[in-house]
Amino acid sequence: MMPLFVATAWLTLQYVMLLIAGTNGQTTNPPNIVMVLADDLGWNDVSWHNSIVQMPNLQDLANRGVILEHAYAQEKCTPSRAAFLTGRYPINTGMQEEVVVATQMSGLPIEFKLLPSYLKDQGYATHMIGKWHVGYCDEAYTPTRRGFDSHYGFYNSGISYSNHSSTEGTEDKYDYRDDLALNLAAEGKYTTTDFTDQAKTLIDNHDQANPMFLYMAYNAPHTSFEVDESYRDIYDGSLRDGNRKTYLGMISAFDEQVGQLVDKLKEVGMWSNTVFVFYSDNGGTQPQSGQSGNNFPLRGKKGSLFEGGYRVPAFVHSELITTTPYTHDGLFHISDMFATFIALAGGEAAVPADIDGINAWPAISGNTPSTRTTLVYNIITKNFANNARNTEPKAAIRDLQYKLIEGNPGGGELELGGWIPPPENRVDNLVKPNVNYYADPVTGTWYYLFDLIADPYETNNIAATEPTILNDMITWLTAEKRSSRRRHAIDNTKDVTAIPSLNGGSWNPGFCVAT
């Protein structure tokens, strides 16, 4: 085995030589970077995990790329996006509790320099299309004030795909932007298609003397359930009418648009020097909750500390990678893309020392082990919560083998059992030796301890039978809770006067001061 310093030097040399040699005539230019983020796409909602799903374009890219079989995000939209943009776990930025809502008087703290700003420092054109969802109450929180050259999309958690309205309480009003201006001209255009059309225009107009970072934060397949009937028809032989059929149709429509995006990059000659990353922002929702995502055979759903809330479909595709195709079984987190992209841009020296993410490029491009060996899913404690009296503490951590959950994992899994086969295949053959929590006999605290190598679907809680491992994991979790880097959750105060009916009929910034 090579010594660590020799192996590191060798990997660095290989990467430098790869960039120098390039592919298809490319030379020393840093690569274009395209991040496609799906919204609420579950583990079992992609064709490489579920053959019923029709997504030929993404399947082809995955087949010829690197499938990240142990990729993790956060349990909900806002925390995942914050982790991606900062390279930090949400517990270290104050984004760990809930999603940002439309009238919330806070956002991703402005003290954190975001990914696009680092890429701009390296000469990149930086563009964002789609869903922001990390705060907008002050213009200082919005994308073009945080490092993006342009933003085309919306600020809140979700919008109608055709009339572009976002709902909070009784207010269902317009939320669609072209930079800071309301984009009324796009009303009636299906967002998945409109976002891709905007991306194609940006690509056509891009000066290729500079590399491009394109963050495509599609809202598909998040609610609401809207798609042309022709995409639902794809699933006539697999599903009856219902939300799941519409949902899968939305995924197929999304796939078609990703295919068009890739075709445009090829058409203008950018594709051969592009690193394309596909990721979901959290696990899928479940049919029993009125939604239609699916994570089977993973346990849990969006919002849960079980694997179904955090482990997501992801892959990397690039002609700059010569080891493809293959499936990487290493551990990765969405925060890793922060350091990875900055390193690809040539700015590795500028990556902050206190981030949680790693540079995953050597592992992904070289088919070598990931340097990530641990994961902090989330930590919710009363002393860092917005409402200490009502907050129910919970947390989860893992190393390469064991995972500990403390407290109620959330997401309603205790009532549903946690494993929900999809409507197109309701067979559940999982053997479940011990699915219930273990209560500490002194404190009453709930614990789940899983061996994720032997039990990737969390069917056997070994907390009661492995006291040494349990105590070791609790000691580690206690140290994580006491870390000086932990941040109080951002203010969740709402401004009841910020509603559209009192502000021109749309959701607009200007009702807080950024901090």
# chains A, B, ... in the order shown; residues from 1 in each chain; ligands from 1
$ residues_around --residues "Ala82 of chain A" --least-positions-apart "6" --cutoff "9 Å" --atoms "only C-alpha atoms" --output "JSON, numbers by chain"
{"A": [88, 89, 90, 93, 95, 108, 133, 134, 335]}
$ write_last_selection --atoms "all heavy atoms" --output "PDB file, in the first residue's frame"
ATOM      1  N   ARG A  88     -21.400  23.274   4.615  1.00  0.00           N
ATOM      2  CA  ARG A  88     -21.503  23.014   6.049  1.00  0.00           C
ATOM      3  C   ARG A  88     -22.812  22.293   6.364  1.00  0.00           C
ATOM      4  O   ARG A  88     -23.836  22.524   5.725  1.00  0.00           O
ATOM      5  CB  ARG A  88     -21.455  24.327   6.833  1.00  0.00           C
ATOM      6  CG  ARG A  88     -20.121  25.071   6.735  1.00  0.00           C
ATOM      7  CD  ARG A  88     -20.245  26.473   7.317  1.00  0.00           C
ATOM      8  NE  ARG A  88     -18.953  27.137   7.442  1.00  0.00           N
ATOM      9  CZ  ARG A  88     -18.362  27.825   6.461  1.00  0.00           C
ATOM     10  NH1 ARG A  88     -18.967  27.950   5.286  1.00  0.00           N
ATOM     11  NH2 ARG A  88     -17.193  28.406   6.661  1.00  0.00           N
ATOM     12  N   TYR A  89     -22.754  21.452   7.406  1.00  0.00           N
ATOM     13  CA  TYR A  89     -23.990  20.886   7.917  1.00  0.00           C
ATOM     14  C   TYR A  89     -24.904  22.031   8.378  1.00  0.00           C
ATOM     15  O   TYR A  89     -24.429  23.035   8.909  1.00  0.00           O
ATOM     16  CB  TYR A  89     -23.724  19.978   9.112  1.00  0.00           C
ATOM     17  CG  TYR A  89     -22.951  18.711   8.825  1.00  0.00           C
ATOM     18  CD1 TYR A  89     -21.954  18.290   9.692  1.00  0.00           C
ATOM     19  CD2 TYR A  89     -23.245  17.910   7.714  1.00  0.00           C
ATOM     20  CE1 TYR A  89     -21.248  17.117   9.469  1.00  0.00           C
ATOM     21  CE2 TYR A  89     -22.541  16.744   7.482  1.00  0.00           C
ATOM     22  CZ  TYR A  89     -21.542  16.345   8.363  1.00  0.00           C
ATOM     23  OH  TYR A  89     -20.851  15.183   8.131  1.00  0.00           O
ATOM     24  N   PRO A  90     -26.201  21.875   8.220  1.00  0.00           N
ATOM     25  CA  PRO A  90     -27.124  22.929   8.665  1.00  0.00           C
ATOM     26  C   PRO A  90     -26.991  23.285  10.149  1.00  0.00           C
ATOM     27  O   PRO A  90     -27.253  24.426  10.536  1.00  0.00           O
ATOM     28  CB  PRO A  90     -28.498  22.335   8.350  1.00  0.00           C
ATOM     29  CG  PRO A  90     -28.246  21.421   7.200  1.00  0.00           C
ATOM     30  CD  PRO A  90     -26.896  20.820   7.469  1.00  0.00           C
ATOM     31  N   THR A  93     -24.861  26.298  10.466  1.00  0.00           N
ATOM     32  CA  THR A  93     -25.268  27.565   9.837  1.00  0.00           C
ATOM     33  C   THR A  93     -26.583  28.096  10.400  1.00  0.00           C
ATOM     34  O   THR A  93     -27.033  29.168  10.002  1.00  0.00           O
ATOM     35  CB  THR A  93     -25.417  27.402   8.313  1.00  0.00           C
ATOM     36  OG1 THR A  93     -26.439  26.432   8.028  1.00  0.00           O
ATOM     37  CG2 THR A  93     -24.104  26.983   7.663  1.00  0.00           C
ATOM     38  N   MET A  95     -29.493  26.458   9.996  1.00  0.00           N
ATOM     39  CA  MET A  95     -30.556  26.070   9.067  1.00  0.00           C
ATOM     40  C   MET A  95     -31.085  24.668   9.368  1.00  0.00           C
ATOM     41  O   MET A  95     -31.670  24.017   8.505  1.00  0.00           O
ATOM     42  CB  MET A  95     -30.035  26.142   7.631  1.00  0.00           C
ATOM     43  CG  MET A  95     -29.403  27.468   7.250  1.00  0.00           C
ATOM     44  SD  MET A  95     -30.525  28.880   7.351  1.00  0.00           S
ATOM     45  CE  MET A  95     -31.526  28.626   5.891  1.00  0.00           C
ATOM     46  N   LEU A 108     -30.573  32.327   5.118  1.00  0.00           N
ATOM     47  CA  LEU A 108     -29.221  31.804   5.276  1.00  0.00           C
ATOM     48  C   LEU A 108     -28.297  32.961   5.633  1.00  0.00           C
ATOM     49  O   LEU A 108     -28.142  33.903   4.853  1.00  0.00           O
ATOM     50  CB  LEU A 108     -28.781  31.129   3.972  1.00  0.00           C
ATOM     51  CG  LEU A 108     -27.399  30.490   3.924  1.00  0.00           C
ATOM     52  CD1 LEU A 108     -27.221  29.447   5.017  1.00  0.00           C
ATOM     53  CD2 LEU A 108     -27.158  29.872   2.545  1.00  0.00           C
ATOM     54  N   HIS A 133     -35.191  29.070  -1.927  1.00  0.00           N
ATOM     55  CA  HIS A 133     -35.685  28.493  -0.680  1.00  0.00           C
ATOM     56  C   HIS A 133     -34.701  28.510   0.484  1.00  0.00           C
ATOM     57  O   HIS A 133     -34.703  27.617   1.335  1.00  0.00           O
ATOM     58  CB  HIS A 133     -36.191  27.065  -0.912  1.00  0.00           C
ATOM     59  CG  HIS A 133     -37.228  26.662   0.112  1.00  0.00           C
ATOM     60  ND1 HIS A 133     -37.556  25.342   0.376  1.00  0.00           N
ATOM     61  CD2 HIS A 133     -37.993  27.405   0.944  1.00  0.00           C
ATOM     62  CE1 HIS A 133     -38.482  25.299   1.304  1.00  0.00           C
ATOM     63  NE2 HIS A 133     -38.770  26.546   1.679  1.00  0.00           N
ATOM     64  N   VAL A 134     -33.868  29.551   0.558  1.00  0.00           N
ATOM     65  CA  VAL A 134     -33.051  29.755   1.760  1.00  0.00           C
ATOM     66  C   VAL A 134     -33.214  31.178   2.298  1.00  0.00           C
ATOM     67  O   VAL A 134     -32.352  31.684   3.006  1.00  0.00           O
ATOM     68  CB  VAL A 134     -31.548  29.433   1.518  1.00  0.00           C
ATOM     69  CG1 VAL A 134     -31.356  27.939   1.333  1.00  0.00           C
ATOM     70  CG2 VAL A 134     -30.991  30.212   0.344  1.00  0.00           C
ATOM     71  N   SER A 335     -23.073  18.481   0.965  1.00  0.00           N
ATOM     72  CA  SER A 335     -22.113  19.530   1.312  1.00  0.00           C
ATOM     73  C   SER A 335     -20.764  19.312   0.639  1.00  0.00           C
ATOM     74  O   SER A 335     -19.991  20.264   0.470  1.00  0.00           O
ATOM     75  CB  SER A 335     -21.921  19.601   2.832  1.00  0.00           C
ATOM     76  OG  SER A 335     -21.368  18.395   3.343  1.00  0.00           O
TER      77      SER A 335
END
$ select_by_dssp --residues "segment 38-263 of chain A" --states "helix (DSSP H, G or I)" --output "number ranges by chain"
A: 43-45, 56-63, 77-86, 90-92, 115-121, 139-141, 143-145, 184-186, 191-205, 229-235, 243-263
$ closest_residue --among "A:Tyr215, A:Tyr377, A:Trp132, A:Tyr152" --to "Tyr72 of chain A" --atoms "only C-alpha atoms"
A:Tyr377
$ closest_residue --among "A:Gly65, A:Pro422, A:Pro456, A:Gly87" --to "Phe306 of chain A" --atoms "only C-alpha atoms"
A:Pro456
$ residues_around --residues "Val66 of chain A" --least-positions-apart "4" --cutoff "7 Å" --atoms "only C-alpha atoms" --output "ChimeraX atom specification"
/A:62,315-317,324-328
$ atom_distance --atom1 "atom CA of Leu502 of chain A" --atom2 "atom CA of Pro79 of chain A"
29.2 Å
$ atom_distance --atom1 "atom CA of Lys266 of chain A" --atom2 "atom CA of Tyr231 of chain A"
25.5 Å
$ residues_around --residues "Pro421 of chain A" --least-positions-apart "6" --cutoff "9 Å" --atoms "only C-alpha atoms" --output "ChimeraX atom specification"
/A:294-297,427-428
$ residues_around --residues "Ser501 of chain A" --least-positions-apart "6" --cutoff "10 Å" --atoms "only C-alpha atoms" --output "list in words"
Glu171, Asp172, Lys173 and Trp507 of chain A
$ closest_residue --among "A:Gly284, A:Pro369, A:Gly135, A:Gly42" --to "Arg81 of chain A" --atoms "only C-alpha atoms"
A:Gly135
$ closest_residue --among "A:Tyr124, A:Trp48, A:Tyr447, A:Phe341" --to "Asp207 of chain A" --atoms "only C-alpha atoms"
A:Tyr124
$ closest_residue --among "A:Val101, A:Leu85, A:Ala514, A:Ala38" --to "Ile334 of chain A" --atoms "only C-alpha atoms"
A:Leu85
$ closest_atom_pairs --of "segment 356-389 of chain A" --to "segment 465-478 of chain A" --cutoff "12 Å" --atoms "only C-alpha atoms" --output "Markdown table"
| residue | atom | partner | partner_atom | distance |
| --- | --- | --- | --- | --- |
| A:Thr374 | CA | A:Trp476 | CA | 11.0 |
| A:Leu375 | CA | A:Leu477 | CA | 11.0 |
| A:Val376 | CA | A:Leu477 | CA | 8.8 |
| A:Tyr377 | CA | A:Leu477 | CA | 10.9 |
| A:Asn378 | CA | A:Leu477 | CA | 10.4 |
| A:Ile379 | CA | A:Leu477 | CA | 8.8 |
| A:Ile380 | CA | A:Leu477 | CA | 11.6 |
| A:Thr381 | CA | A:Thr478 | CA | 11.1 |
$ write_last_selection --atoms "N, CA and C atoms" --output "PDB file, in the first residue's frame"
ATOM      1  N   THR A 374     -17.585   9.642   8.077  1.00  0.00           N
ATOM      2  CA  THR A 374     -18.652   9.882   9.048  1.00  0.00           C
ATOM      3  C   THR A 374     -19.684  10.834   8.456  1.00  0.00           C
ATOM      4  N   LEU A 375     -20.843  10.846   9.090  1.00  0.00           N
ATOM      5  CA  LEU A 375     -21.917  11.739   8.670  1.00  0.00           C
ATOM      6  C   LEU A 375     -22.726  12.149   9.889  1.00  0.00           C
ATOM      7  N   VAL A 376     -22.940  13.444  10.032  1.00  0.00           N
ATOM      8  CA  VAL A 376     -23.872  13.962  11.024  1.00  0.00           C
ATOM      9  C   VAL A 376     -25.152  14.313  10.271  1.00  0.00           C
ATOM     10  N   TYR A 377     -26.195  13.526  10.465  1.00  0.00           N
ATOM     11  CA  TYR A 377     -27.450  13.763   9.761  1.00  0.00           C
ATOM     12  C   TYR A 377     -28.039  15.097  10.212  1.00  0.00           C
ATOM     13  N   ASN A 378     -28.294  15.202  11.505  1.00  0.00           N
ATOM     14  CA  ASN A 378     -28.826  16.442  12.068  1.00  0.00           C
ATOM     15  C   ASN A 378     -28.798  16.332  13.581  1.00  0.00           C
ATOM     16  N   ILE A 379     -28.822  17.476  14.243  1.00  0.00           N
ATOM     17  CA  ILE A 379     -28.893  17.524  15.699  1.00  0.00           C
ATOM     18  C   ILE A 379     -29.866  18.631  16.081  1.00  0.00           C
ATOM     19  N   ILE A 380     -30.943  18.272  16.724  1.00  0.00           N
ATOM     20  CA  ILE A 380     -31.913  19.239  17.219  1.00  0.00           C
ATOM     21  C   ILE A 380     -31.893  19.161  18.744  1.00  0.00           C
ATOM     22  N   THR A 381     -31.476  20.234  19.391  1.00  0.00           N
ATOM     23  CA  THR A 381     -31.440  20.288  20.851  1.00  0.00           C
ATOM     24  C   THR A 381     -32.148  21.546  21.329  1.00  0.00           C
TER      25      THR A 381
END
$ residues_around --residues "Ser280 of chain A" --least-positions-apart "3" --cutoff "6 Å" --atoms "only C-alpha atoms" --output "PyMOL selection string"
chain A and resi 37-39+41+312
$ write_last_selection --atoms "N, CA, C and O atoms" --output "PDB file, in the first residue's frame"
ATOM      1  N   LEU A  37     -30.451  19.784  -9.496  1.00  0.00           N
ATOM      2  CA  LEU A  37     -31.017  19.380  -8.216  1.00  0.00           C
ATOM      3  C   LEU A  37     -32.502  19.111  -8.393  1.00  0.00           C
ATOM      4  O   LEU A  37     -33.271  20.015  -8.726  1.00  0.00           O
ATOM      5  N   ALA A  38     -32.894  17.858  -8.191  1.00  0.00           N
ATOM      6  CA  ALA A  38     -34.307  17.495  -8.223  1.00  0.00           C
ATOM      7  C   ALA A  38     -34.929  17.786  -6.863  1.00  0.00           C
ATOM      8  O   ALA A  38     -34.240  17.837  -5.844  1.00  0.00           O
ATOM      9  N   ASP A  39     -36.256  17.949  -6.844  1.00  0.00           N
ATOM     10  CA  ASP A  39     -36.952  18.366  -5.627  1.00  0.00           C
ATOM     11  C   ASP A  39     -37.883  17.253  -5.141  1.00  0.00           C
ATOM     12  O   ASP A  39     -38.867  16.921  -5.810  1.00  0.00           O
ATOM     13  N   LEU A  41     -37.314  14.062  -4.974  1.00  0.00           N
ATOM     14  CA  LEU A  41     -37.194  12.832  -5.756  1.00  0.00           C
ATOM     15  C   LEU A  41     -36.687  11.716  -4.857  1.00  0.00           C
ATOM     16  O   LEU A  41     -35.593  11.803  -4.297  1.00  0.00           O
ATOM     17  N   VAL A 312     -30.228   9.585  -1.030  1.00  0.00           N
ATOM     18  CA  VAL A 312     -30.912  10.052  -2.237  1.00  0.00           C
ATOM     19  C   VAL A 312     -30.217   9.544  -3.500  1.00  0.00           C
ATOM     20  O   VAL A 312     -29.034   9.203  -3.482  1.00  0.00           O
TER      21      VAL A 312
END
